[in-house]
file data.txt (compact mmCIF, C-alpha atoms and all ligand atoms)
# COMPACT_ATOMS: atom_id res chain seq x y z
CA MET A 1 14.16 -39.57 20.08
CA ALA A 2 13.14 -36.64 22.36
CA GLY A 3 13.94 -33.23 20.82
CA THR A 4 14.38 -34.56 17.25
CA PRO A 5 11.72 -33.12 14.92
CA SER A 6 9.53 -35.93 13.63
CA CYS A 7 8.23 -36.33 10.11
CA LYS A 8 4.82 -35.13 11.38
CA ASP A 9 6.39 -31.90 12.78
CA HIS A 10 8.02 -31.18 9.43
CA LYS A 11 4.71 -31.79 7.66
CA GLU A 12 2.86 -29.39 10.03
CA GLN A 13 5.53 -26.71 9.61
CA GLY A 14 5.31 -27.11 5.87
CA GLN A 15 1.51 -26.72 5.98
CA GLU A 16 1.82 -23.54 8.14
CA ALA A 17 4.33 -21.99 5.72
CA ALA A 18 2.05 -22.86 2.83
CA GLY A 19 -0.88 -21.23 4.73
CA VAL A 20 1.03 -17.97 5.19
CA ALA A 21 2.17 -18.03 1.55
CA THR A 22 -1.42 -18.58 0.38
CA PHE A 23 -2.62 -15.68 2.58
CA VAL A 24 0.04 -13.31 1.16
CA LYS A 25 -0.70 -14.48 -2.40
CA ASP A 26 -4.42 -14.00 -1.79
CA TYR A 27 -3.79 -10.51 -0.45
CA MET A 28 -1.68 -9.53 -3.43
CA SER A 29 -4.40 -10.54 -5.86
CA LEU A 30 -7.20 -8.93 -3.80
CA LEU A 31 -9.39 -6.80 -6.07
CA LEU A 32 -9.91 -3.23 -4.92
CA PRO A 33 -11.96 -0.35 -6.37
CA ALA A 34 -9.80 1.48 -8.93
CA ASP A 35 -10.90 4.89 -7.64
CA LEU A 36 -9.43 4.59 -4.11
CA ASN A 37 -7.86 8.00 -3.48
CA LEU A 38 -4.74 8.93 -1.48
CA LEU A 39 -6.73 8.84 1.78
CA TRP A 40 -6.73 5.05 1.36
CA THR A 41 -2.93 5.03 1.65
CA ILE A 42 -3.09 6.22 5.27
CA GLY A 43 -3.57 2.63 6.45
CA ALA A 44 -0.21 1.70 4.88
CA MET A 45 1.39 4.79 6.49
CA LEU A 46 0.04 3.61 9.87
CA VAL A 47 1.56 0.17 9.36
CA ALA A 48 4.93 1.73 8.37
CA VAL A 49 5.00 4.02 11.43
CA LEU A 50 3.96 1.12 13.67
CA VAL A 51 6.99 -0.88 12.51
CA LEU A 52 9.23 2.16 13.14
CA MET A 53 7.73 2.61 16.64
CA LEU A 54 8.33 -1.04 17.55
CA LEU A 55 11.94 -1.06 16.34
CA SER A 56 12.88 2.31 17.90
CA GLY A 57 10.95 1.49 21.11
CA LEU A 58 12.69 -1.86 21.57
CA THR A 59 16.08 -0.19 21.09
CA LEU A 60 15.22 2.66 23.48
CA ALA A 61 14.15 0.13 26.13
CA LEU A 62 17.72 -1.25 26.17
CA SER A 63 19.00 1.87 27.92
CA TYR A 64 15.91 3.08 29.81
CA THR A 65 15.58 2.72 33.60
CA PRO A 66 12.02 2.80 35.03
CA ASP A 67 12.94 4.35 38.37
CA ALA A 68 11.84 7.83 39.52
CA SER A 69 15.39 8.81 40.48
CA LEU A 70 17.08 7.39 37.36
CA ALA A 71 14.57 7.63 34.48
CA PHE A 72 15.25 11.26 33.47
CA GLY A 73 19.04 10.70 33.65
CA SER A 74 18.85 7.52 31.57
CA VAL A 75 16.99 9.35 28.80
CA GLU A 76 19.40 12.33 28.96
CA ALA A 77 22.40 9.97 28.77
CA LEU A 78 20.89 8.32 25.70
CA GLU A 79 20.30 11.72 24.04
CA ARG A 80 23.72 13.20 24.84
CA ARG A 81 26.21 10.34 25.18
CA MET A 82 25.06 7.39 23.08
CA PRO A 83 26.06 7.55 19.40
CA SER A 84 22.91 8.55 17.45
CA GLY A 85 20.89 8.25 20.67
CA TRP A 86 19.21 11.61 19.92
CA LEU A 87 18.14 10.26 16.53
CA LEU A 88 16.67 7.12 18.05
CA ARG A 89 14.63 9.11 20.55
CA SER A 90 13.55 11.69 17.94
CA LEU A 91 12.37 8.88 15.66
CA HIS A 92 10.21 7.49 18.46
CA MET A 93 8.84 10.89 19.52
CA THR A 94 8.14 12.13 15.98
CA GLY A 95 6.69 8.70 15.19
CA ALA A 96 4.16 9.05 18.02
CA SER A 97 2.92 12.37 16.64
CA PHE A 98 2.73 11.10 13.06
CA PHE A 99 0.96 7.96 14.20
CA MET A 100 -1.73 9.95 16.02
CA ALA A 101 -2.13 12.43 13.14
CA ALA A 102 -2.49 9.57 10.64
CA LEU A 103 -4.92 7.81 12.96
CA TYR A 104 -7.19 10.86 13.23
CA LEU A 105 -7.15 11.26 9.42
CA HIS A 106 -7.94 7.54 9.04
CA VAL A 107 -10.95 7.89 11.39
CA PHE A 108 -12.26 11.08 9.71
CA ARG A 109 -11.87 9.39 6.31
CA GLY A 110 -13.95 6.47 7.61
CA LEU A 111 -16.65 8.82 8.91
CA TYR A 112 -16.78 10.87 5.71
CA TYR A 113 -17.10 7.88 3.39
CA GLY A 114 -19.27 5.84 5.77
CA SER A 115 -16.71 3.00 5.80
CA TYR A 116 -18.26 1.86 9.11
CA ARG A 117 -21.52 0.75 7.45
CA ALA A 118 -22.28 -2.96 6.98
CA PRO A 119 -20.43 -5.16 6.08
CA ARG A 120 -17.53 -3.32 7.76
CA ARG A 121 -19.03 -2.82 11.24
CA GLY A 122 -16.66 -5.34 12.87
CA LEU A 123 -13.71 -3.73 11.12
CA TRP A 124 -14.76 -0.36 12.55
CA LEU A 125 -15.09 -1.83 16.06
CA ILE A 126 -11.58 -3.32 15.89
CA GLY A 127 -10.37 0.08 14.64
CA SER A 128 -12.02 1.88 17.57
CA ALA A 129 -10.42 -0.59 20.01
CA LEU A 130 -7.08 0.11 18.29
CA LEU A 131 -7.57 3.84 18.79
CA VAL A 132 -8.10 3.33 22.55
CA MET A 133 -5.06 1.04 22.77
CA VAL A 134 -2.86 3.51 20.88
CA MET A 135 -4.02 6.42 23.07
CA ILE A 136 -3.24 4.54 26.30
CA THR A 137 0.15 3.45 24.89
CA ALA A 138 0.99 7.06 23.91
CA PHE A 139 -0.03 8.37 27.33
CA ALA A 140 2.03 5.72 29.18
CA GLY A 141 5.01 6.47 26.91
CA TYR A 142 4.86 10.20 27.67
CA VAL A 143 5.19 9.51 31.41
CA LEU A 144 8.39 7.46 30.96
CA PRO A 145 11.03 10.26 30.48
CA TRP A 146 9.93 11.61 33.88
CA GLY A 147 10.14 15.28 32.93
CA GLN A 148 7.91 17.97 34.43
CA MET A 149 5.01 17.27 32.03
CA SER A 150 5.38 13.51 32.45
CA TYR A 151 5.04 13.84 36.21
CA TRP A 152 2.24 16.39 36.27
CA GLY A 153 0.43 14.67 33.41
CA ALA A 154 0.39 11.45 35.47
CA ASP A 155 -0.79 13.50 38.46
CA VAL A 156 -3.71 15.06 36.51
CA ALA A 157 -4.67 11.66 35.03
CA GLY A 158 -4.54 10.08 38.51
CA LYS A 159 -6.81 12.80 39.90
CA ALA A 160 -9.21 12.44 36.96
CA VAL A 161 -9.48 8.68 37.63
CA GLY A 162 -9.87 9.46 41.34
CA ALA A 163 -12.97 11.55 40.55
CA VAL A 164 -14.99 8.41 39.71
CA PRO A 165 -17.65 8.10 42.45
CA LEU A 166 -17.11 5.37 45.09
CA ILE A 167 -14.25 3.44 43.47
CA GLY A 168 -12.26 6.51 42.37
CA PRO A 169 -9.72 6.55 45.25
CA VAL A 170 -9.01 2.81 44.81
CA LEU A 171 -8.60 3.24 41.05
CA GLU A 172 -6.26 6.19 41.62
CA ARG A 173 -4.07 4.12 43.97
CA ILE A 174 -3.98 1.24 41.49
CA PHE A 175 -3.06 3.65 38.68
CA LEU A 176 -0.35 5.51 40.62
CA GLY A 177 0.79 2.64 42.83
CA GLY A 178 0.80 5.05 45.80
CA ASP A 179 -0.42 8.46 46.90
CA ALA A 180 1.53 10.37 44.25
CA PRO A 181 3.34 9.55 40.99
CA GLY A 182 6.63 7.73 41.67
CA THR A 183 8.69 4.66 40.83
CA ALA A 184 5.64 2.37 41.13
CA THR A 185 3.81 4.55 38.57
CA LEU A 186 6.80 4.35 36.22
CA HIS A 187 6.87 0.55 36.46
CA ARG A 188 3.16 0.40 35.66
CA MET A 189 3.51 2.75 32.70
CA PHE A 190 6.58 0.93 31.33
CA VAL A 191 4.88 -2.48 31.44
CA LEU A 192 1.64 -1.03 30.01
CA HIS A 193 3.57 0.75 27.26
CA PHE A 194 5.28 -2.27 25.78
CA THR A 195 2.65 -4.93 26.43
CA LEU A 196 0.04 -2.74 24.71
CA ALA A 197 2.45 -1.99 21.85
CA PHE A 198 2.65 -5.71 21.03
CA SER A 199 -1.10 -6.18 21.51
CA ILE A 200 -1.59 -3.41 18.94
CA VAL A 201 0.36 -5.49 16.41
CA GLY A 202 -2.04 -8.41 17.00
CA ALA A 203 -5.08 -6.12 16.69
CA VAL A 204 -3.72 -4.59 13.45
CA LEU A 205 -3.27 -8.07 11.94
CA LEU A 206 -6.90 -8.82 12.84
CA HIS A 207 -8.01 -5.44 11.41
CA VAL A 208 -6.27 -6.12 8.11
CA ALA A 209 -7.46 -9.75 7.98
CA VAL A 210 -11.09 -8.64 8.45
CA LEU A 211 -10.62 -5.97 5.76
CA HIS A 212 -9.40 -8.76 3.48
CA THR A 213 -12.67 -10.67 3.91
CA ARG A 214 -14.95 -7.60 3.68
CA GLY A 215 -13.16 -5.64 0.97
CA SER A 216 -12.60 -1.88 0.77
CA SER A 217 -15.37 0.64 0.31
CA SER A 218 -14.83 3.27 -2.36
CA PRO A 219 -15.25 7.04 -2.74
CA SER A 220 -17.78 6.59 -5.52
CA GLY A 221 -19.93 4.13 -3.59
CA LEU A 222 -21.61 1.23 -5.36
CA ARG A 223 -20.19 2.24 -8.75
CA GLY A 224 -16.69 1.57 -7.38
CA GLN A 225 -17.69 -2.02 -6.50
CA ASN A 226 -18.35 -2.92 -10.12
CA PRO A 227 -15.86 -5.79 -10.94
CA ALA A 228 -15.07 -4.07 -14.23
CA ARG A 229 -13.78 -1.07 -12.24
CA MET A 230 -11.54 -3.04 -9.90
CA LEU A 231 -7.77 -3.61 -9.88
CA PRO A 232 -5.57 -6.10 -8.00
CA PHE A 233 -3.69 -4.96 -4.88
CA TYR A 234 -0.39 -5.92 -6.54
CA PRO A 235 1.04 -4.01 -8.40
CA TYR A 236 -1.47 -1.09 -8.51
CA PHE A 237 -2.11 -0.37 -4.83
CA THR A 238 1.28 -1.55 -3.60
CA ILE A 239 2.79 1.24 -5.75
CA LYS A 240 0.22 3.79 -4.57
CA ASP A 241 0.74 2.81 -0.90
CA THR A 242 4.52 3.05 -1.37
CA LEU A 243 4.07 6.57 -2.77
CA GLY A 244 2.00 7.53 0.30
CA VAL A 245 4.62 6.09 2.66
CA VAL A 246 7.48 7.88 0.83
CA VAL A 247 5.66 11.26 0.95
CA MET A 248 5.02 10.72 4.67
CA ALA A 249 8.68 9.75 5.21
CA LEU A 250 9.76 13.04 3.56
CA LEU A 251 7.45 15.07 5.81
CA PHE A 252 8.63 13.04 8.78
CA THR A 253 12.29 13.80 8.01
CA LEU A 254 11.50 17.51 7.59
CA VAL A 255 9.85 17.70 11.02
CA LEU A 256 12.52 15.57 12.70
CA CYS A 257 15.48 17.52 11.29
CA PHE A 258 14.20 21.08 10.88
CA TRP A 259 11.15 21.55 13.09
CA PRO A 260 11.45 19.33 16.19
CA GLY A 261 9.88 22.09 18.31
CA LEU A 262 6.60 21.39 16.53
CA ILE A 263 6.05 18.21 18.50
CA THR A 264 8.19 18.59 21.64
CA GLU A 265 7.25 20.30 24.89
CA PRO A 266 10.20 22.27 26.38
CA ALA A 267 8.91 21.76 29.96
CA ASN A 268 9.50 18.03 29.59
CA TYR A 269 13.23 18.63 29.26
CA ARG A 270 13.23 19.64 32.94
CA PRO A 271 13.35 16.77 35.46
CA ALA A 272 10.14 15.99 37.33
CA ASN A 273 9.77 18.16 40.41
CA PRO A 274 6.89 17.19 42.74
CA LEU A 275 7.36 20.49 44.63
CA HIS A 276 6.90 22.74 41.62
CA THR A 277 3.60 22.67 39.70
CA PRO A 278 4.04 24.14 36.17
CA ALA A 279 1.85 27.18 35.39
CA ASP A 280 0.28 25.29 32.46
CA ILE A 281 -0.11 21.54 32.58
CA GLU A 282 -1.06 20.36 29.16
CA PRO A 283 -0.83 17.01 27.37
CA GLU A 284 0.71 16.27 23.96
CA TRP A 285 -1.09 18.02 21.07
CA TYR A 286 -2.99 14.88 20.10
CA PHE A 287 -4.78 14.72 23.44
CA LEU A 288 -5.65 18.44 23.53
CA PRO A 289 -9.18 18.05 22.05
CA PHE A 290 -10.08 15.57 24.80
CA TYR A 291 -8.36 17.72 27.43
CA GLY A 292 -10.36 20.71 26.17
CA MET A 293 -13.59 18.72 26.63
CA LEU A 294 -12.48 17.56 30.10
CA GLN A 295 -11.98 21.17 31.14
CA ALA A 296 -15.13 22.51 29.49
CA VAL A 297 -17.31 20.84 32.12
CA PRO A 298 -17.24 22.27 35.66
CA SER A 299 -17.56 18.92 37.50
CA LYS A 300 -14.45 16.69 37.43
CA PHE A 301 -16.38 13.44 37.02
CA ALA A 302 -18.73 14.86 34.38
CA GLY A 303 -15.67 16.20 32.55
CA LEU A 304 -14.13 12.72 32.62
CA LEU A 305 -17.35 11.22 31.25
CA VAL A 306 -17.61 13.78 28.45
CA SER A 307 -13.95 13.36 27.51
CA ALA A 308 -13.92 9.53 27.62
CA GLY A 309 -17.34 9.51 25.95
CA ALA A 310 -15.85 11.39 22.98
CA VAL A 311 -13.83 8.25 22.16
CA ALA A 312 -16.44 5.73 23.37
CA VAL A 313 -19.05 7.19 21.00
CA LEU A 314 -16.96 5.94 18.05
CA PHE A 315 -17.86 2.36 19.03
CA CYS A 316 -21.54 3.24 18.50
CA VAL A 317 -21.14 4.90 15.08
CA PRO A 318 -22.23 1.87 12.95
CA TRP A 319 -25.50 1.76 14.91
CA LEU A 320 -26.05 5.52 15.25
CA ASP A 321 -26.14 5.89 11.46
CA ARG A 322 -29.01 3.68 10.35
CA GLY A 323 -28.35 4.25 6.68
CA ALA A 324 -27.52 1.26 4.52
CA GLY A 325 -25.55 1.04 1.33
CA TRP A 326 -22.92 3.35 0.03
CA ILE A 327 -22.27 6.97 0.72
CA GLY A 328 -21.53 8.66 -2.57
CA GLU A 329 -24.29 6.68 -4.23
CA GLN A 330 -26.93 9.27 -3.47
CA THR A 331 -26.12 12.88 -4.24
CA GLY A 332 -27.88 13.99 -1.03
CA GLN A 333 -25.43 12.01 1.07
CA ARG A 334 -22.34 13.57 -0.53
CA TRP A 335 -22.86 17.21 0.40
CA LEU A 336 -24.39 16.29 3.76
CA ALA A 337 -21.32 14.21 4.66
CA ARG A 338 -19.03 17.05 3.54
CA LEU A 339 -20.88 19.62 5.67
CA ALA A 340 -21.26 17.43 8.76
CA VAL A 341 -17.70 16.04 8.81
CA SER A 342 -16.28 19.55 8.22
CA ALA A 343 -18.25 20.81 11.24
CA LEU A 344 -16.96 17.82 13.25
CA VAL A 345 -13.33 18.52 12.29
CA VAL A 346 -13.71 22.23 13.14
CA SER A 347 -15.21 21.30 16.55
CA PHE A 348 -12.36 18.84 17.20
CA VAL A 349 -9.70 21.45 16.36
CA MET A 350 -11.47 24.15 18.42
CA ALA A 351 -11.68 21.77 21.41
CA GLY A 352 -7.93 21.24 21.00
CA LEU A 353 -7.27 24.99 20.94
CA ALA A 354 -9.42 25.42 24.06
CA GLY A 355 -7.40 22.62 25.70
CA SER A 356 -4.17 24.53 25.06
CA HIS A 357 -5.41 27.69 26.83
CA HIS A 358 -6.49 28.55 30.35
CA VAL A 359 -10.09 27.49 30.80
CA GLN A 360 -11.61 30.87 31.38
CA GLY A 361 -13.39 33.66 29.50
CA ILE A 362 -13.58 33.15 25.76
CA TRP A 363 -11.69 29.81 25.81
CA LEU A 364 -14.19 28.32 28.23
CA LEU A 365 -16.96 29.30 25.82
CA VAL A 366 -15.02 27.95 22.82
CA GLY A 367 -14.39 24.67 24.68
CA ARG A 368 -18.07 24.28 25.48
CA LEU A 369 -19.27 25.13 21.97
CA ALA A 370 -16.70 22.74 20.49
CA THR A 371 -17.82 19.94 22.84
CA VAL A 372 -21.45 20.49 21.81
CA GLY A 373 -20.40 20.60 18.13
CA TYR A 374 -18.45 17.34 18.47
CA TYR A 375 -21.31 15.45 20.13
CA ALA A 376 -23.87 17.04 17.79
CA TYR A 377 -22.30 15.11 14.90
CA PHE A 378 -22.70 11.74 16.60
CA LEU A 379 -25.93 12.21 18.53
CA GLY A 380 -27.71 14.92 16.53
CA PHE A 381 -26.67 14.22 12.94
CA LEU A 382 -25.80 10.53 12.48
CA PRO A 383 -29.17 9.11 13.70
CA PHE A 384 -30.97 11.28 11.09
CA TYR A 385 -28.34 11.03 8.37
CA ALA A 386 -30.17 8.52 6.19
CA LYS A 387 -33.50 10.42 6.42
CA LEU A 388 -31.84 13.75 5.70
CA ALA A 389 -30.03 12.24 2.71
CA ASN A 390 -33.26 10.83 1.22
CA TRP A 391 -34.92 14.19 1.71
CA GLY A 392 -31.91 15.96 0.14
CA GLU A 393 -32.08 13.66 -2.87
CA ARG A 394 -35.79 14.24 -3.43
CA ALA A 395 -35.48 18.03 -3.01
C1 LIG A 401 -3.03 1.07 14.61
C2 LIG A 401 -4.01 1.62 13.99
C3 LIG A 401 -4.54 1.24 12.61
C4 LIG A 401 -3.89 0.65 11.56
C5 LIG A 401 -2.42 0.24 11.47
C6 LIG A 401 -4.86 0.50 10.49
C7 LIG A 401 -4.59 -0.06 9.26
C8 LIG A 401 -5.50 -0.10 8.20
C9 LIG A 401 -5.19 -0.50 6.84
C10 LIG A 401 -3.81 -0.93 6.35
C11 LIG A 401 -6.32 -0.39 6.11
C12 LIG A 401 -6.46 -0.61 4.59
C13 LIG A 401 -6.03 0.67 3.85
C14 LIG A 401 -6.92 1.86 4.10
O1 LIG A 401 -8.15 1.77 3.92
O2 LIG A 401 -6.38 2.91 4.51
C15 LIG A 401 -7.39 0.02 7.00
C16 LIG A 401 -8.70 0.19 6.64
C17 LIG A 401 -9.73 0.56 7.50
N1 LIG A 401 -9.59 0.98 8.81
FE1 LIG A 401 -7.85 0.97 9.85
N2 LIG A 401 -6.08 0.99 10.92
C18 LIG A 401 -5.93 1.46 12.21
C19 LIG A 401 -6.89 2.06 12.98
C20 LIG A 401 -8.22 2.26 12.63
C21 LIG A 401 -9.20 2.98 13.38
C22 LIG A 401 -8.93 3.72 14.68
C23 LIG A 401 -10.39 2.90 12.69
C24 LIG A 401 -11.74 3.45 13.06
C25 LIG A 401 -12.20 3.71 14.23
C26 LIG A 401 -10.15 2.13 11.50
C27 LIG A 401 -11.10 1.82 10.56
C28 LIG A 401 -10.83 1.30 9.30
C29 LIG A 401 -11.83 1.06 8.26
C30 LIG A 401 -13.35 1.27 8.40
C31 LIG A 401 -11.15 0.59 7.14
C32 LIG A 401 -11.76 0.20 5.77
C33 LIG A 401 -11.80 1.43 4.94
C34 LIG A 401 -12.47 1.25 3.62
O3 LIG A 401 -12.02 0.48 2.80
O4 LIG A 401 -13.45 1.96 3.41
N3 LIG A 401 -8.82 1.78 11.47
N4 LIG A 401 -6.85 0.20 8.26
call {"tool": "encode", "arguments": {"input": "data.txt", "output": "structure tokens", "more": "lines below"}}
Ligand code: HEM
result
Amino acid sequence: MAGTPSCKDHKEQGQEAAGVATFVKDYMSLLLPADLNLLWTIGAMLVAVLVLMLLSGLTLALSYTPDASLAFGSVEALERRMPSGWLLRSLHMTGASFFMAALYLHVFRGLYYGSYRAPRRGLWLIGSALLVMVMITAFAGYVLPWGQMSYWGADVAGKAVGAVPLIGPVLERIFLGGDAPGTATLHRMFVLHFTLAFSIVGAVLLHVAVLHTRGSSSPSGLRGQNPARMLPFYPYFTIKDTLGVVVMALLFTLVLCFWPGLITEPANYRPANPLHTPADIEPEWYFLPFYGMLQAVPSKFAGLLVSAGAVAVLFCVPWLDRGAGWIGEQTGQRWLARLAVSALVVSFVMAGLAGSHHVQGIWLLVGRLATVGYYAYFLGFLPFYAKLANWGERA
């Protein structure tokens, strides 16, 4: 009879359930290097914040209106009139900042320990794609409340896209849905925001599944891969990951309850006004390094290339560093990695500071030096990393 599940359907469902159960069981007994430090718990923190973002985002969407004349009011009504509406929005906003902070730490950890080297190249590529997806999602989300920074941020992004030679004006119109940010832009950003959010879940599942087949690297290199020095994921790393997530949750609560000004921009609590350009248009803190690089270059298009290239270069990392094997194995690689990644982090922070100031005088110089420092790691250091390490070991 049509609509009645057949015996075959039941059998297939049973097989699927058994497949998932086997995967989870496999994961729990996965052997991992015993010396994984707390930096390896950041992945679990990312997963926890992702779940929080999805749940709070879905609930926020129930009362949000993607219309230029109603969006700001709908968010204000949620904050002021809905029971615990302020909490819901704060969870989502604080979550975005924690997600980006954890993501940057996760990437720097990978660079420091050379987690991108074979056999984890594919894993790194999926991770880089995730970073791009998360950044676009965060940008689209920031436009939604339609405050002053949302509006002018969309305007700056539209103009940056418009600076692409030949196709720029068409791209700008597609991005904005008109000549200036408006309701069409909001619709685009709203759709982009939640479709990408769900695509991120799919990409994370792939990321974790690939990690499962390739295994984790370890801070002590090849020594950590010795089967005698490995422990199963359950209970050892489940407990360690839970500790990481709890510590993050405590920090999260502190920021949310006692220091919300750390992550919020007061100008975005004013409704968008197309007739009043704010004195300082600046993105959320997590985009400042890229904004600093965008501004450090005098030509708009070149600035866009340098800024987008700063993310794109991550996709090339496994091929820029021609070294094989494990970092931490050779003593020369250890101190070199420490020095080079420290210089990279300093450059990244300095680019961010330059991005939060007017691009003139000393800040222009800082922005340019930071941009050179950032690229020097990828294009000047990584290609010679292996040679330098061998030389360091012999010396
Ligand atoms: C939504 C974003 C992401 C989530 C939820 C996520 C999740 C995870 C998890 C749970 C792990 C295992 C635990 C750990 O090693 O911390 C992991 C490992 C890893 N991730 Fe990610 N990740 C994300 C983004 C990225 C990005 C942007 C990159 C790099 C560009 C990346 C590269 C890696 C690498 C190389 C490993 C293996 C590390 C090792 O064992 O040495 N991930 N990720």
call {"tool": "closest_residue", "arguments": {"input": "data.txt", "among": "A:Val317, A:Ala18, A:Leu288, A:Met248", "to": "ligand LIG 401 (chain A)", "atoms": "only C-alpha atoms and all ligand atoms"}}
result
A:Val317
call {"tool": "closest_atom_pairs", "arguments": {"input": "data.txt", "of": "chain A", "to": "ligand LIG 401 (chain A)", "cutoff": "8 Å", "atoms": "all atoms listed in the file", "output": "CSV"}}
result
residue,atom,partner,partner_atom,distance
A:Leu39,CA,A:LIG401,O2,6.5
A:Trp40,CA,A:LIG401,O2,3.8
A:Thr41,CA,A:LIG401,O2,5.0
A:Ile42,CA,A:LIG401,O2,4.7
A:Gly43,CA,A:LIG401,O2,3.4
A:Ala44,CA,A:LIG401,C10,4.7
A:Met45,CA,A:LIG401,C10,7.7
A:Leu46,CA,A:LIG401,C5,4.5
A:Val47,CA,A:LIG401,C5,4.5
A:Leu50,CA,A:LIG401,C5,6.8
A:Phe99,CA,A:LIG401,C1,8.0
A:Leu103,CA,A:LIG401,C22,6.0
A:Tyr104,CA,A:LIG401,C22,7.5
A:His106,CA,A:LIG401,N3,6.3
A:Val107,CA,A:LIG401,C24,4.8
A:Gly110,CA,A:LIG401,C30,5.3
A:Tyr113,CA,A:LIG401,O4,7.0
A:Gly114,CA,A:LIG401,O4,7.4
A:Ser115,CA,A:LIG401,O4,4.2
A:Tyr116,CA,A:LIG401,C30,5.0
A:Arg120,CA,A:LIG401,C30,6.2
A:Arg121,CA,A:LIG401,C30,7.6
A:Leu123,CA,A:LIG401,C30,5.7
A:Trp124,CA,A:LIG401,C30,4.7
A:Leu125,CA,A:LIG401,C25,6.5
A:Ile126,CA,A:LIG401,C23,7.1
A:Gly127,CA,A:LIG401,C21,3.4
A:Ser128,CA,A:LIG401,C25,3.8
A:Ala129,CA,A:LIG401,C22,7.0
A:Leu130,CA,A:LIG401,C22,5.4
A:Leu131,CA,A:LIG401,C22,4.3
A:Val132,CA,A:LIG401,C22,7.9
A:Val134,CA,A:LIG401,C1,6.7
A:Ile200,CA,A:LIG401,C1,6.4
A:Val201,CA,A:LIG401,C1,7.6
A:Ala203,CA,A:LIG401,C1,7.8
A:Val204,CA,A:LIG401,C5,5.4
A:His207,CA,A:LIG401,N4,6.6
A:Val208,CA,A:LIG401,C9,5.9
A:Leu211,CA,A:LIG401,C32,6.3
A:Gly215,CA,A:LIG401,O3,6.5
A:Ser216,CA,A:LIG401,O3,3.2
A:Ser217,CA,A:LIG401,O4,3.9
A:Ser218,CA,A:LIG401,O4,6.1
A:Leu314,CA,A:LIG401,C25,6.5
A:Phe315,CA,A:LIG401,C25,7.5
call {"tool": "atom_distance", "arguments": {"input": "data.txt", "atom1": "CA of Leu304 (chain A)", "atom2": "CA of Val366 (chain A)"}}
result
18.1 Å
call {"tool": "atom_distance", "arguments": {"input": "data.txt", "atom1": "CA of Trp152 (chain A)", "atom2": "CA of Ile281 (chain A)"}}
result
6.8 Å
call {"tool": "residues_around", "arguments": {"input": "data.txt", "residues": "Leu32 (chain A)", "least_positions_apart": "4", "cutoff": "12 Å", "atoms": "all atoms listed in the file", "output": "ChimeraX atom specification"}}
result
/A:27-28,36-37,40,211-219,224-238
call {"tool": "atom_distance", "arguments": {"input": "data.txt", "atom1": "CA of Pro66 (chain A)", "atom2": "CA of Ala272 (chain A)"}}
result
13.5 Å
call {"tool": "closest_residue", "arguments": {"input": "data.txt", "among": "A:Val75, A:Ala386, A:Val359, A:Ala343", "to": "Pro298 (chain A)", "atoms": "all atoms listed in the file"}}
result
A:Val359
call {"tool": "closest_residue", "arguments": {"input": "data.txt", "among": "A:Ala163, A:Met189, A:Leu78, A:Ala324", "to": "Phe175 (chain A)", "atoms": "all atoms listed in the file"}}
result
A:Met189
call {"tool": "closest_residue", "arguments": {"input": "data.txt", "among": "A:Trp326, A:Tyr112, A:Phe139, A:Tyr64", "to": "Ser220 (chain A)", "atoms": "only C-alpha atoms"}}
result
A:Trp326
call {"tool": "closest_residue", "arguments": {"input": "data.txt", "among": "A:Ile327, A:Thr94, A:Trp86, A:Thr183", "to": "Leu251 (chain A)", "atoms": "all atoms listed in the file"}}
result
A:Thr94
call {"tool": "residues_near_point", "arguments": {"input": "data.txt", "point": "(-21.8, 14.4, 19.1)", "cutoff": "10 Å", "atoms": "all atoms listed in the file", "output": "PDB file with C-alpha atoms, keeping the file's coordinate frame"}}
result
ATOM      1  CA  GLY A 309     -17.340   9.510  25.950  1.00  0.00           C
ATOM      2  CA  ALA A 310     -15.850  11.390  22.980  1.00  0.00           C
ATOM      3  CA  VAL A 313     -19.050   7.190  21.000  1.00  0.00           C
ATOM      4  CA  LEU A 314     -16.960   5.940  18.050  1.00  0.00           C
ATOM      5  CA  LEU A 344     -16.960  17.820  13.250  1.00  0.00           C
ATOM      6  CA  SER A 347     -15.210  21.300  16.550  1.00  0.00           C
ATOM      7  CA  ALA A 370     -16.700  22.740  20.490  1.00  0.00           C
ATOM      8  CA  THR A 371     -17.820  19.940  22.840  1.00  0.00           C
ATOM      9  CA  VAL A 372     -21.450  20.490  21.810  1.00  0.00           C
ATOM     10  CA  GLY A 373     -20.400  20.600  18.130  1.00  0.00           C
ATOM     11  CA  TYR A 374     -18.450  17.340  18.470  1.00  0.00           C
ATOM     12  CA  TYR A 375     -21.310  15.450  20.130  1.00  0.00           C
ATOM     13  CA  ALA A 376     -23.870  17.040  17.790  1.00  0.00           C
ATOM     14  CA  TYR A 377     -22.300  15.110  14.900  1.00  0.00           C
ATOM     15  CA  PHE A 378     -22.700  11.740  16.600  1.00  0.00           C
ATOM     16  CA  LEU A 379     -25.930  12.210  18.530  1.00  0.00           C
ATOM     17  CA  GLY A 380     -27.710  14.920  16.530  1.00  0.00           C
ATOM     18  CA  PHE A 381     -26.670  14.220  12.940  1.00  0.00           C
ATOM     19  CA  LEU A 382     -25.800  10.530  12.480  1.00  0.00           C
TER      20      LEU A 382
END
call {"tool": "residues_near_point", "arguments": {"input": "data.txt", "point": "(1.0, 26.4, 16.5)", "cutoff": "12 Å", "atoms": "all atoms listed in the file", "output": "PyMOL selection string"}}
result
chain A and resi 259+261-264+285+349+352-353+356
call {"tool": "closest_residue", "arguments": {"input": "data.txt", "among": "A:Leu305, A:Ala102, A:Ile239, A:Val246", "to": "Tyr286 (chain A)", "atoms": "all atoms listed in the file"}}
result
A:Ala102
